[in-house]
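S.K.: My structure is stored as model_14.cif, with mmCIF, C-alpha atoms and all ligand atoms.
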data_model
#
loop_
_atom_site.label_atom_id
_atom_site.label_comp_id
_atom_site.auth_asym_id
_atom_site.auth_seq_id
_atom_site.Cartn_x
_atom_site.Cartn_y
_atom_site.Cartn_z
CA MET A 1 0.00 0.00 0.00
CA PRO A 2 1.25 3.54 -0.65
CA THR A 3 3.06 5.16 2.27
CA HIS A 4 1.30 8.48 1.72
CA PRO A 5 -2.19 7.93 0.32
CA ALA A 6 -4.22 10.93 -0.83
CA PRO A 7 -6.10 12.76 1.93
CA LEU A 8 -9.20 10.77 2.87
CA LEU A 9 -12.38 12.67 3.75
CA VAL A 10 -15.24 10.71 5.30
CA ARG A 11 -18.52 12.64 5.07
CA SER A 12 -21.63 12.42 7.29
CA ALA A 13 -20.73 9.75 9.82
CA THR A 14 -22.36 8.94 13.14
CA LEU A 15 -19.81 8.44 15.93
CA PRO A 16 -20.04 6.01 18.87
CA ASP A 17 -20.63 8.93 21.28
CA GLY A 18 -23.84 9.80 19.42
CA ARG A 19 -22.63 12.77 17.33
CA THR A 20 -24.16 12.77 13.84
CA ASP A 21 -23.26 14.37 10.50
CA VAL A 22 -19.59 14.36 11.39
CA ASP A 23 -16.83 14.63 8.77
CA LEU A 24 -13.39 13.19 9.41
CA LEU A 25 -10.23 14.06 7.49
CA ALA A 26 -7.14 11.84 7.39
CA ILE A 27 -3.77 12.96 6.02
CA ASP A 28 -0.49 11.03 6.12
CA GLY A 29 -1.99 8.26 8.21
CA ARG A 30 -3.37 10.47 10.99
CA ILE A 31 -6.72 12.06 11.73
CA VAL A 32 -6.22 15.81 11.26
CA ALA A 33 -9.79 17.14 11.59
CA VAL A 34 -13.14 15.96 12.96
CA GLY A 35 -16.22 18.20 12.69
CA GLY A 36 -19.18 19.42 10.69
CA ALA A 37 -18.92 20.25 6.96
CA LEU A 38 -15.12 20.16 6.63
CA PRO A 39 -13.67 21.78 3.47
CA THR A 40 -12.40 19.33 0.85
CA PRO A 41 -8.60 19.40 0.39
CA ASP A 42 -7.19 19.19 -3.15
CA GLY A 43 -7.02 15.65 -4.44
CA ALA A 44 -8.90 14.17 -1.50
CA GLN A 45 -10.60 10.80 -1.77
CA ILE A 46 -14.17 11.23 -0.50
CA GLU A 47 -16.21 8.47 1.14
CA ASP A 48 -19.87 9.20 1.97
CA ALA A 49 -20.73 7.47 5.26
CA LYS A 50 -24.46 8.18 4.70
CA GLY A 51 -25.03 8.47 8.44
CA TRP A 52 -23.68 5.02 9.29
CA LEU A 53 -21.58 4.42 12.39
CA LEU A 54 -17.85 5.15 12.17
CA SER A 55 -15.91 3.37 14.90
CA PRO A 56 -12.26 2.85 15.75
CA PRO A 57 -11.32 -0.65 14.56
CA PHE A 58 -12.10 -3.79 16.49
CA VAL A 59 -9.34 -5.18 18.71
CA ASP A 60 -9.05 -8.77 19.91
CA ALA A 61 -7.26 -9.01 23.28
CA HIS A 62 -7.07 -12.81 23.40
CA PHE A 63 -6.51 -15.18 20.50
CA HIS A 64 -4.59 -18.33 19.50
CA MET A 65 -3.30 -17.78 15.99
CA ASP A 66 -0.99 -20.82 16.07
CA SER A 67 -3.97 -23.19 16.21
CA THR A 68 -6.54 -21.25 14.19
CA LEU A 69 -8.24 -22.92 11.20
CA SER A 70 -6.81 -26.32 12.19
CA TYR A 71 -10.24 -27.78 13.00
CA GLY A 72 -10.33 -31.50 12.26
CA LEU A 73 -6.52 -31.92 12.33
CA PRO A 74 -5.74 -34.68 13.10
CA ARG A 75 -9.29 -35.35 14.39
CA VAL A 76 -12.14 -33.40 15.98
CA ASN A 77 -12.56 -32.87 19.73
CA ALA A 78 -15.17 -35.53 20.56
CA SER A 79 -15.98 -34.47 24.12
CA GLY A 80 -15.67 -30.76 23.42
CA THR A 81 -13.81 -30.19 26.68
CA LEU A 82 -10.84 -27.93 27.43
CA LEU A 83 -8.70 -30.91 28.49
CA GLU A 84 -9.41 -32.94 25.32
CA GLY A 85 -8.60 -29.77 23.36
CA ILE A 86 -5.22 -29.48 25.09
CA ALA A 87 -4.55 -33.20 24.43
CA LEU A 88 -5.59 -32.83 20.79
CA TRP A 89 -3.29 -29.81 20.35
CA GLY A 90 -0.51 -32.02 21.79
CA GLU A 91 -1.23 -34.60 19.05
CA LEU A 92 -1.26 -31.94 16.35
CA LYS A 93 1.96 -30.13 17.39
CA PRO A 94 4.49 -32.73 16.11
CA THR A 95 2.88 -32.62 12.65
CA LEU A 96 2.91 -28.83 12.27
CA THR A 97 5.02 -27.15 9.62
CA GLU A 98 5.96 -23.48 9.62
CA GLU A 99 4.53 -23.03 6.13
CA ALA A 100 1.11 -24.55 6.88
CA LEU A 101 0.83 -22.71 10.18
CA ALA A 102 1.70 -19.38 8.54
CA GLU A 103 -0.73 -20.04 5.69
CA ARG A 104 -3.62 -20.59 8.15
CA ALA A 105 -2.65 -17.54 10.22
CA LEU A 106 -2.50 -15.33 7.12
CA ALA A 107 -5.89 -16.62 5.98
CA TYR A 108 -7.30 -15.70 9.38
CA CYS A 109 -5.73 -12.22 9.15
CA ASP A 110 -7.60 -11.73 5.86
CA TRP A 111 -10.86 -12.55 7.65
CA ALA A 112 -9.91 -10.20 10.47
CA VAL A 113 -9.24 -7.25 8.17
CA ALA A 114 -12.51 -7.81 6.31
CA ARG A 115 -14.27 -7.71 9.69
CA GLY A 116 -12.57 -4.44 10.70
CA LEU A 117 -10.39 -6.26 13.23
CA LEU A 118 -6.99 -4.54 12.94
CA ALA A 119 -5.19 -5.49 16.18
CA VAL A 120 -4.90 -8.96 17.70
CA ARG A 121 -3.07 -10.19 20.79
CA SER A 122 -2.26 -13.84 20.11
CA HIS A 123 -0.83 -16.35 22.52
CA VAL A 124 1.74 -18.66 20.94
CA ASP A 125 2.60 -21.99 22.50
CA VAL A 126 6.28 -22.14 23.55
CA CYS A 127 6.21 -25.75 24.86
CA ASP A 128 8.06 -26.99 21.78
CA PRO A 129 11.86 -26.88 21.85
CA ARG A 130 11.89 -26.11 18.09
CA LEU A 131 9.77 -22.95 18.72
CA LEU A 132 8.23 -23.66 15.33
CA ALA A 133 4.99 -21.76 16.01
CA VAL A 134 6.94 -18.83 17.47
CA ARG A 135 9.09 -18.52 14.35
CA ALA A 136 6.09 -18.88 12.04
CA LEU A 137 4.02 -16.23 13.88
CA LEU A 138 6.95 -13.79 14.13
CA ASP A 139 7.17 -14.09 10.34
CA VAL A 140 3.40 -13.57 10.02
CA LYS A 141 3.61 -10.56 12.36
CA ARG A 142 6.19 -8.97 10.08
CA ARG A 143 4.19 -9.73 6.93
CA VAL A 144 0.86 -8.36 8.22
CA ALA A 145 2.39 -5.31 9.96
CA PRO A 146 1.32 -2.88 7.21
CA TYR A 147 -2.34 -3.69 7.87
CA LEU A 148 -2.72 -5.48 11.21
CA ASP A 149 -1.03 -5.14 14.62
CA LEU A 150 -0.20 -8.64 15.82
CA GLN A 151 1.03 -8.73 19.43
CA LEU A 152 2.45 -12.08 20.57
CA VAL A 153 2.35 -13.65 24.04
CA ALA A 154 4.84 -16.40 25.00
CA PHE A 155 2.36 -18.98 26.27
CA PRO A 156 3.57 -22.15 28.05
CA GLN A 157 0.46 -24.22 27.25
CA ASP A 158 1.64 -27.28 29.23
CA GLY A 159 2.78 -25.29 32.29
CA VAL A 160 6.02 -23.32 32.67
CA LEU A 161 7.02 -25.50 35.66
CA ARG A 162 5.14 -28.68 34.71
CA ALA A 163 6.55 -29.07 31.18
CA PRO A 164 10.27 -29.89 30.92
CA GLY A 165 12.28 -27.05 29.38
CA ALA A 166 9.30 -24.70 29.16
CA LEU A 167 10.91 -21.81 31.06
CA ASP A 168 13.99 -21.95 28.85
CA ASN A 169 11.82 -22.10 25.70
CA LEU A 170 9.75 -19.15 26.94
CA GLN A 171 12.87 -17.05 27.48
CA ARG A 172 14.19 -17.96 24.04
CA ALA A 173 10.84 -16.89 22.54
CA LEU A 174 11.18 -13.51 24.29
CA ASP A 175 14.75 -13.23 22.97
CA LEU A 176 13.39 -13.78 19.44
CA GLY A 177 10.97 -10.85 19.81
CA VAL A 178 7.79 -12.15 21.44
CA GLU A 179 6.68 -9.17 23.51
CA VAL A 180 4.32 -10.37 26.27
CA VAL A 181 4.92 -12.96 29.05
CA GLY A 182 2.19 -15.63 29.34
CA GLY A 183 1.39 -18.32 31.87
CA ILE A 184 -1.17 -20.92 32.94
CA PRO A 185 -0.97 -21.27 36.74
CA HIS A 186 -4.12 -23.42 37.14
CA PHE A 187 -2.56 -26.07 34.87
CA GLU A 188 0.61 -26.45 36.96
CA ARG A 189 0.75 -29.58 39.14
CA THR A 190 -0.27 -27.97 42.43
CA THR A 191 -1.72 -24.72 43.72
CA GLY A 192 1.71 -23.96 45.18
CA GLU A 193 3.47 -24.50 41.85
CA GLY A 194 0.82 -22.34 40.19
CA ALA A 195 1.55 -19.48 42.60
CA GLU A 196 5.30 -19.98 42.07
CA SER A 197 4.80 -19.77 38.29
CA VAL A 198 2.96 -16.45 38.67
CA ARG A 199 5.78 -15.05 40.82
CA LEU A 200 8.60 -16.04 38.51
CA LEU A 201 6.81 -14.99 35.31
CA CYS A 202 5.91 -11.57 36.74
CA GLU A 203 9.51 -11.09 37.85
CA LEU A 204 10.73 -12.09 34.39
CA ALA A 205 8.39 -9.50 32.83
CA ALA A 206 9.51 -6.81 35.27
CA GLU A 207 13.20 -7.51 34.51
CA ARG A 208 12.60 -7.27 30.78
CA GLY A 209 10.12 -4.37 30.90
CA LEU A 210 7.38 -6.46 29.28
CA ARG A 211 3.63 -6.86 29.71
CA VAL A 212 2.05 -9.97 31.24
CA ASP A 213 -1.07 -11.85 30.09
CA MET A 214 -1.84 -15.12 31.83
CA HIS A 215 -4.49 -17.72 31.23
CA CYS A 216 -5.65 -17.61 34.83
CA ASP A 217 -8.16 -19.78 36.70
CA GLU A 218 -9.79 -21.16 33.54
CA SER A 219 -11.72 -23.59 35.72
CA ASP A 220 -15.07 -23.98 37.47
CA ASP A 221 -13.21 -24.69 40.72
CA PRO A 222 -14.07 -21.79 43.06
CA MET A 223 -10.82 -22.47 44.94
CA SER A 224 -8.71 -21.71 41.85
CA ARG A 225 -7.51 -18.34 43.11
CA HIS A 226 -4.34 -17.53 41.18
CA ILE A 227 -5.81 -14.16 40.26
CA GLU A 228 -5.12 -12.94 43.81
CA THR A 229 -1.47 -13.97 43.43
CA LEU A 230 -1.33 -12.22 40.06
CA ALA A 231 -2.72 -9.03 41.64
CA LEU A 232 -0.23 -9.31 44.50
CA HIS A 233 2.88 -9.57 42.30
CA THR A 234 1.58 -6.93 39.88
CA GLN A 235 1.45 -4.46 42.73
CA ARG A 236 4.69 -5.62 44.36
CA LEU A 237 6.66 -5.25 41.13
CA GLY A 238 5.06 -1.96 40.00
CA LEU A 239 3.47 -3.55 36.94
CA GLN A 240 0.11 -1.75 37.31
CA GLY A 241 -1.69 -1.33 33.99
CA ARG A 242 0.64 -3.81 32.27
CA VAL A 243 -0.84 -7.11 33.49
CA THR A 244 -3.90 -8.98 32.22
CA GLY A 245 -5.74 -11.90 33.75
CA SER A 246 -7.40 -13.87 30.95
CA HIS A 247 -10.51 -16.01 31.49
CA LEU A 248 -10.80 -15.86 35.33
CA THR A 249 -13.75 -18.26 34.96
CA SER A 250 -13.41 -19.62 38.50
CA MET A 251 -14.70 -16.23 39.67
CA HIS A 252 -18.10 -17.26 38.29
CA SER A 253 -18.27 -20.03 40.91
CA MET A 254 -16.64 -18.22 43.82
CA ASP A 255 -18.35 -17.37 47.05
CA ASN A 256 -19.83 -13.84 46.82
CA CYS A 257 -18.09 -12.83 50.04
CA TYR A 258 -14.65 -13.72 48.65
CA ALA A 259 -15.45 -12.07 45.30
CA SER A 260 -16.32 -8.86 47.14
CA LYS A 261 -12.80 -8.82 48.58
CA LEU A 262 -11.12 -9.90 45.34
CA ILE A 263 -12.57 -7.35 42.88
CA PRO A 264 -11.20 -4.31 44.78
CA LEU A 265 -7.81 -6.07 44.95
CA ILE A 266 -7.80 -6.53 41.16
CA CYS A 267 -8.74 -2.86 40.69
CA GLU A 268 -6.12 -1.63 43.17
CA ALA A 269 -3.40 -3.64 41.40
CA GLY A 270 -4.40 -2.20 38.01
CA VAL A 271 -4.80 -5.73 36.61
CA GLN A 272 -6.93 -5.80 33.46
CA VAL A 273 -9.27 -8.65 32.62
CA VAL A 274 -10.23 -10.49 29.44
CA ALA A 275 -13.34 -12.66 29.27
CA ASN A 276 -13.74 -14.99 26.30
CA PRO A 277 -17.52 -15.39 26.03
CA LEU A 278 -17.74 -17.81 23.07
CA ILE A 279 -15.25 -20.20 24.63
CA ASN A 280 -16.25 -19.77 28.30
CA ILE A 281 -19.90 -20.58 27.59
CA THR A 282 -18.97 -23.72 25.63
CA LEU A 283 -16.07 -25.08 27.73
CA GLN A 284 -17.13 -24.29 31.29
CA GLY A 285 -19.73 -26.18 33.29
CA ARG A 286 -18.77 -29.45 31.61
CA HIS A 287 -18.64 -31.30 34.94
CA ASP A 288 -22.13 -30.06 35.86
CA SER A 289 -25.36 -31.94 35.35
CA TYR A 290 -28.17 -29.40 35.79
CA PRO A 291 -28.15 -26.56 36.51
CA LYS A 292 -25.09 -25.93 34.30
CA ARG A 293 -22.93 -22.96 35.18
CA ARG A 294 -22.17 -20.39 32.47
CA GLY A 295 -18.58 -20.06 33.67
CA MET A 296 -17.80 -16.60 32.30
CA THR A 297 -16.15 -14.29 34.82
CA ARG A 298 -18.12 -11.55 36.62
CA VAL A 299 -18.01 -8.93 33.88
CA PRO A 300 -20.59 -6.36 35.10
CA GLU A 301 -19.28 -6.53 38.67
CA LEU A 302 -15.65 -6.08 37.55
CA LEU A 303 -16.64 -3.10 35.38
CA ALA A 304 -18.63 -1.59 38.25
CA GLY A 305 -15.56 -2.10 40.47
CA GLY A 306 -13.45 0.03 38.13
CA VAL A 307 -11.59 -2.79 36.35
CA ASN A 308 -10.93 -2.54 32.61
CA VAL A 309 -12.56 -5.61 31.02
CA GLY A 310 -12.15 -6.65 27.40
CA PHE A 311 -13.61 -9.55 25.42
CA GLY A 312 -11.49 -11.96 23.36
CA HIS A 313 -12.40 -14.30 20.51
CA ASP A 314 -9.88 -16.86 21.85
CA CYS A 315 -10.42 -19.56 19.22
CA VAL A 316 -11.65 -19.94 15.64
CA MET A 317 -11.98 -23.45 14.17
CA ASP A 318 -9.35 -25.16 16.31
CA PRO A 319 -9.09 -28.03 18.84
CA TRP A 320 -11.18 -26.07 21.35
CA TYR A 321 -13.86 -24.45 19.21
CA ALA A 322 -15.35 -25.52 15.89
CA LEU A 323 -16.96 -22.20 15.06
CA GLY A 324 -16.06 -18.50 14.74
CA SER A 325 -15.13 -16.19 11.90
CA GLY A 326 -13.13 -13.27 13.31
CA ASP A 327 -16.29 -11.29 14.05
CA MET A 328 -15.75 -9.30 17.27
CA LEU A 329 -19.41 -8.20 17.17
CA GLU A 330 -20.38 -11.86 17.56
CA VAL A 331 -18.04 -11.96 20.59
CA ALA A 332 -19.67 -8.80 22.01
CA ALA A 333 -23.16 -10.22 21.44
CA MET A 334 -22.30 -13.47 23.21
CA GLY A 335 -20.76 -11.58 26.13
CA LEU A 336 -23.88 -9.46 26.35
CA HIS A 337 -26.13 -12.52 26.53
CA VAL A 338 -24.02 -14.56 28.94
CA ALA A 339 -23.57 -11.60 31.34
CA GLN A 340 -27.19 -10.45 30.85
CA MET A 341 -25.92 -6.96 29.94
CA THR A 342 -29.17 -6.09 28.18
CA SER A 343 -29.58 -2.50 29.39
CA LEU A 344 -28.66 0.24 26.95
CA ALA A 345 -25.52 0.99 29.00
CA GLY A 346 -24.73 -2.73 29.21
CA GLN A 347 -25.02 -3.17 25.43
CA ARG A 348 -22.73 -0.18 24.95
CA ALA A 349 -20.22 -1.62 27.43
CA CYS A 350 -20.08 -4.82 25.34
CA PHE A 351 -19.24 -2.76 22.22
CA ASP A 352 -16.50 -0.98 24.20
CA ALA A 353 -15.18 -4.37 25.37
CA VAL A 354 -14.18 -5.26 21.78
CA THR A 355 -12.89 -1.78 20.88
CA VAL A 356 -11.52 0.77 23.40
CA ASN A 357 -11.12 -1.59 26.37
CA ASN A 358 -9.13 -4.11 24.33
CA ALA A 359 -7.01 -1.28 22.87
CA ARG A 360 -6.05 -0.30 26.43
CA ILE A 361 -5.13 -3.90 27.25
CA LEU A 362 -2.81 -4.11 24.22
CA GLY A 363 -1.42 -0.63 24.97
CA LEU A 364 -2.13 0.55 21.41
CA GLU A 365 -0.73 3.97 20.56
CA GLY A 366 -2.96 6.53 18.79
CA TYR A 367 -6.17 4.51 19.03
CA GLY A 368 -9.44 6.41 18.66
CA LEU A 369 -11.25 8.94 16.51
CA ASP A 370 -9.72 12.12 17.94
CA VAL A 371 -7.45 14.51 16.05
CA GLY A 372 -3.93 13.09 16.17
CA CYS A 373 -5.05 9.45 16.35
CA ARG A 374 -4.05 6.93 13.71
CA ALA A 375 -6.41 7.04 10.74
CA ASP A 376 -7.69 3.51 11.43
CA PHE A 377 -11.45 2.98 11.47
CA VAL A 378 -14.37 0.87 10.35
CA LEU A 379 -17.70 2.02 8.92
CA LEU A 380 -20.54 -0.15 10.21
CA GLN A 381 -24.01 -0.54 8.71
CA ALA A 382 -25.66 0.53 11.96
CA ARG A 383 -26.78 3.79 13.58
CA SER A 384 -25.38 3.11 17.06
CA PRO A 385 -22.98 0.78 18.86
CA GLN A 386 -25.98 -1.12 20.26
CA GLU A 387 -27.37 -1.67 16.76
CA ALA A 388 -23.95 -2.78 15.55
CA VAL A 389 -23.96 -5.51 18.21
CA ARG A 390 -27.56 -6.50 17.52
CA LEU A 391 -26.96 -6.91 13.78
CA ARG A 392 -23.29 -8.00 13.75
CA ALA A 393 -23.32 -5.11 11.31
CA GLN A 394 -21.70 -5.23 7.89
CA ARG A 395 -18.27 -3.63 7.69
CA LEU A 396 -18.93 -1.26 4.80
CA LEU A 397 -15.42 0.20 4.83
CA VAL A 398 -12.23 -0.70 6.69
CA VAL A 399 -9.48 1.93 6.77
CA ARG A 400 -5.91 1.69 8.02
CA GLY A 401 -3.55 4.66 7.99
CA GLY A 402 -6.01 6.57 5.80
CA HIS A 403 -5.97 3.80 3.18
CA VAL A 404 -9.10 1.79 2.35
CA LEU A 405 -8.29 -1.89 2.98
CA SER A 406 -11.67 -3.51 2.51
CA ARG A 407 -15.22 -2.87 1.33
CA MET A 408 -18.31 -4.93 2.05
CA ALA A 409 -21.73 -4.56 0.42
CA PRO A 410 -24.59 -3.45 2.68
CA ALA A 411 -26.78 -6.28 3.95
CA THR A 412 -30.12 -6.05 2.19
CA ALA A 413 -32.67 -8.37 0.65
CA THR A 414 -35.16 -7.99 -2.18
CA LEU A 415 -38.60 -9.19 -1.13
CA SER A 416 -41.20 -10.33 -3.66
CA LEU A 417 -44.23 -10.32 -1.40
CA PRO A 418 -47.58 -10.38 -3.21
CA GLY A 419 -48.29 -6.79 -4.28
CA ARG A 420 -45.46 -5.42 -2.09
CA PRO A 421 -42.11 -5.74 -3.88
CA ARG A 422 -39.54 -3.95 -1.75
CA SER A 423 -36.00 -4.08 -0.49
CA VAL A 424 -35.39 -4.54 3.19
CA ASP A 425 -32.55 -4.15 5.64
CA PHE A 426 -32.62 -4.78 9.36
CA THR A 427 -31.62 -1.36 10.68
CA ARG A 428 -34.18 0.84 12.43
CA GLN A 429 -34.17 4.60 12.04
CA GLY A 430 -34.93 6.19 15.37
CA GLY A 431 -34.08 3.31 17.62
CA PRO A 432 -32.56 2.40 19.95
CA PRO A 433 -32.30 5.79 21.66
CA ARG A 434 -28.95 7.48 21.19
CA PRO A 435 -26.84 8.66 24.11
CA GLN A 436 -26.36 12.44 24.27
CA ALA A 437 -23.20 13.68 22.59
CA ALA A 438 -20.49 14.72 25.03
CA GLY A 439 -19.91 18.49 25.33
ZN ZN B 501 -6.68 -18.72 25.42
#
Go ahead and express the file in the form of structure tokens.
M.R.:
Amino acid sequence: MPTHPAPLLVRSATLPDGRTDVDLLAIDGRIVAVGGALPTPDGAQIEDAKGWLLSPPFVDAHFHMDSTLSYGLPRVNASGTLLEGIALWGELKPTLTEEALAERALAYCDWAVARGLLAVRSHVDVCDPRLLAVRALLDVKRRVAPYLDLQLVAFPQDGVLRAPGALDNLQRALDLGVEVVGGIPHFERTTGEGAESVRLLCELAAERGLRVDMHCDESDDPMSRHIETLALHTQRLGLQGRVTGSHLTSMHSMDNCYASKLIPLICEAGVQVVANPLINITLQGRHDSYPKRRGMTRVPELLAGGVNVGFGHDCVMDPWYALGSGDMLEVAAMGLHVAQMTSLAGQRACFDAVTVNNARILGLEGYGLDVGCRADFVLLQARSPQEAVRLRAQRLLVVRGGHVLSRMAPATATLSLPGRPRSVDFTRQGGPPRPQAAG
């Protein structure tokens, strides 16, 4: 793509804060003006938003790009459980090649861009002395960099203490350029070893000046409490704002009294949280008869407690999940349903969970629609964030650095009802009510 595309002027957009008829001008990859009826610079490319919703791009704070699109290799997950998924991934790993892995990851990145998903944090399994997946994804990261930010987490899938050589492999992955330290304390052999893994991985991150993102307490066991250890070491080492606890599903099953102590601790430590609604609702509660627990962490309560919570896609067509398509609005919609966030504010919070909240978790620079931000955005066939979630709205236009990367046709149908031929879409003028514009 050209380094310096022509100025791009988007006319008549609605913004997530409710402002309407807004123009936005991008020059040299940055947003230089946002307002009503902007003058047209010479040679500008003009895109008429026709009142549709212009949003900063979607961000995925939790994904596994090394396993994506491998569904059915070498067999499908018969029980559908997390543990069979981990075993199945163990069977698949020796057969992986760098080329096939990169080809699947690049195919997924194409889906992501078409869906307006322009930044992904992906865990990459380091429990393989060859570091084959690490090398393949570092190559993919370099190749997609012009159009997608791929942030990699060194993830010891089989346990940094439990799997022989895993700590050494993890450090080698960091040396090669993987930028976030991962972990999986609930999968270590004992609670004590889990706590020890959290301590040593946080110290490793502090020494190297890196962020931390651990798979933490992905269990229905209410006594799986590694999140409190993660909060402790985050605070002790001054890592506030740089540490993420992913999943935290045991919190769903915890005693309310303990949860009421824990949530303020998470907030005080500046630990951020990622729930993975599609995966949590399908993998948790598998040991239950009825009633079956939902398993997703306490999203509304964490948000109310001042914790930044994002939603991740986690898996697409891999040993753990047969479905998915890179659609972060599907993720937001599932989170909304599982957490019963059906109020107008709750629906909006679910949209934020796949945009601004995830951007904070990744630490993205220049994210947003303000003057000075990167000219990255997506035009959605919806009139509000709530409608975008309801419809999994079409991505009419996807822009990166002021350059149009993707176009999608509006969703519409031609009806041939007796005596009433007409075209129909599923948007509703006038509803739901729009929040008042700020200022
Ligand atoms: Zn995961």
S.K.: Kindly assemble as a Markdown table a list of the segment 350-409 of chain A residues that lie within 9 Å of segment 54-61 of chain A, each paired with its nearest atom pair and their distance in Å to one decimal, using only C-alpha atoms, sorted first by chain and then by ascending residue number.
M.R.:
| residue | atom | partner | partner_atom | distance |
| --- | --- | --- | --- | --- |
| A:Ala353 | CA | A:Val59 | CA | 8.9 |
| A:Val354 | CA | A:Val59 | CA | 5.7 |
| A:Thr355 | CA | A:Phe58 | CA | 4.9 |
| A:Val356 | CA | A:Val59 | CA | 7.9 |
| A:Asn357 | CA | A:Val59 | CA | 8.6 |
| A:Asn358 | CA | A:Ala61 | CA | 5.3 |
| A:Ala359 | CA | A:Val59 | CA | 6.2 |
| A:Ile361 | CA | A:Ala61 | CA | 6.8 |
| A:Leu362 | CA | A:Ala61 | CA | 6.7 |
| A:Tyr367 | CA | A:Pro56 | CA | 7.1 |
| A:Gly368 | CA | A:Pro56 | CA | 5.4 |
| A:Leu369 | CA | A:Pro56 | CA | 6.2 |
| A:Ala375 | CA | A:Pro56 | CA | 8.8 |
| A:Asp376 | CA | A:Pro56 | CA | 6.3 |
| A:Phe377 | CA | A:Pro56 | CA | 4.4 |
| A:Val378 | CA | A:Ser55 | CA | 5.4 |
| A:Leu379 | CA | A:Leu54 | CA | 4.5 |
| A:Leu380 | CA | A:Leu54 | CA | 6.3 |
| A:Pro385 | CA | A:Ser55 | CA | 8.5 |
| A:Val398 | CA | A:Pro57 | CA | 7.9 |
| A:Val399 | CA | A:Pro57 | CA | 8.4 |
| A:Arg400 | CA | A:Pro57 | CA | 8.8 |
S.K.: Selection from above, C-alpha atoms, as a PDB file, in the coordinates of the input, can you write it?
M.R.:
ATOM      1  CA  ALA A 353     -15.180  -4.370  25.370  1.00  0.00           C
ATOM      2  CA  VAL A 354     -14.180  -5.260  21.780  1.00  0.00           C
ATOM      3  CA  THR A 355     -12.890  -1.780  20.880  1.00  0.00           C
ATOM      4  CA  VAL A 356     -11.520   0.770  23.400  1.00  0.00           C
ATOM      5  CA  ASN A 357     -11.120  -1.590  26.370  1.00  0.00           C
ATOM      6  CA  ASN A 358      -9.130  -4.110  24.330  1.00  0.00           C
ATOM      7  CA  ALA A 359      -7.010  -1.280  22.870  1.00  0.00           C
ATOM      8  CA  ILE A 361      -5.130  -3.900  27.250  1.00  0.00           C
ATOM      9  CA  LEU A 362      -2.810  -4.110  24.220  1.00  0.00           C
ATOM     10  CA  TYR A 367      -6.170   4.510  19.030  1.00  0.00           C
ATOM     11  CA  GLY A 368      -9.440   6.410  18.660  1.00  0.00           C
ATOM     12  CA  LEU A 369     -11.250   8.940  16.510  1.00  0.00           C
ATOM     13  CA  ALA A 375      -6.410   7.040  10.740  1.00  0.00           C
ATOM     14  CA  ASP A 376      -7.690   3.510  11.430  1.00  0.00           C
ATOM     15  CA  PHE A 377     -11.450   2.980  11.470  1.00  0.00           C
ATOM     16  CA  VAL A 378     -14.370   0.870  10.350  1.00  0.00           C
ATOM     17  CA  LEU A 379     -17.700   2.020   8.920  1.00  0.00           C
ATOM     18  CA  LEU A 380     -20.540  -0.150  10.210  1.00  0.00           C
ATOM     19  CA  PRO A 385     -22.980   0.780  18.860  1.00  0.00           C
ATOM     20  CA  VAL A 398     -12.230  -0.700   6.690  1.00  0.00           C
ATOM     21  CA  VAL A 399      -9.480   1.930   6.770  1.00  0.00           C
ATOM     22  CA  ARG A 400      -5.910   1.690   8.020  1.00  0.00           C
TER      23      ARG A 400
END
S.K.: One decimal, in Å: what's the spacing between atom CA of Phe426 of chain A and atom CA of Asp21 of chain A?
M.R.: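 Here the two named atoms are 21.3 Å from each other.
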S.K.: At most 8 Å is the cut-off: for each residue in chain A with any atom that close to an atom of ligand ZN 501 (chain B), write down the nearest atom pair and the distance in Å rounded to one decimal, counting all atoms listed in the file, chain first then increasing number, as a tab-separated table.
M.R.:
residue	atom	partner	partner_atom	distance
A:His62	CA	B:ZN501	ZN	6.3
A:Phe63	CA	B:ZN501	ZN	6.1
A:His64	CA	B:ZN501	ZN	6.3
A:His123	CA	B:ZN501	ZN	6.9
A:His215	CA	B:ZN501	ZN	6.3
A:Ser246	CA	B:ZN501	ZN	7.4
A:His247	CA	B:ZN501	ZN	7.7
A:Asp314	CA	B:ZN501	ZN	5.1
A:Cys315	CA	B:ZN501	ZN	7.3
S.K.: Have a look at A:Arg142, A:Tyr290, A:Tyr321, A:Ala339 and name the one nearest to Trp89 of chain A; count all atoms listed in the file.
M.R.: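 Smallest distance to Trp89 of chain A is found for A:Tyr321.
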S.K.: In Å, with one decimal, what is the gap from atom CA of Ile184 of chain A to atom CA of Ala349 of chain A?
M.R.: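 Between atom CA of Ile184 of chain A and atom CA of Ala349 of chain A the gap works out to 27.7 Å.
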S.K.: From the list A:Asn308, A:Gln386, A:Thr20, A:Ser197, which residue is nearest Ala163 of chain A when using all atoms listed in the file?
M.R.: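 Smallest separation from Ala163 of chain A among the options: A:Ser197.
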S.K.: Restricting the calculation to all atoms listed in the file: of A:Gln340, A:Gln45, A:Asn276, A:Gln157, which residue gets closest to Ile86 of chain A?
M.R.: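 Under the stated criterion, the closest residue is A:Gln157.
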S.K.: List the spatial neighbours of Trp320 of chain A as a ChimeraX atom specification - criterion: any atom at most 10 Å away, all atoms listed in the file, same-chain residues fewer than 5 positions off excluded.
M.R.: /A:67-68,71,76-77,80-86,88-89,279,282-283,314-315
S.K.: Which protein, DNA or RNA residues have an atom at most 7 Å from (-2.6, -3.2, 16.7), counting only C-alpha atoms? List them as an MDAnalysis selection string.
M.R.: chainID A and resid 118:120 148:150 364
S.K.: I need the residue nearest His337 of chain A from this list: A:Leu278, A:Met223, A:Leu92, A:Ala37. Use all atoms listed in the file for the distance.
M.R.: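 Checking each of A:Leu278, A:Met223, A:Leu92, A:Ala37 against His337 of chain A, counting all atoms listed in the file, the winner is A:Leu278.
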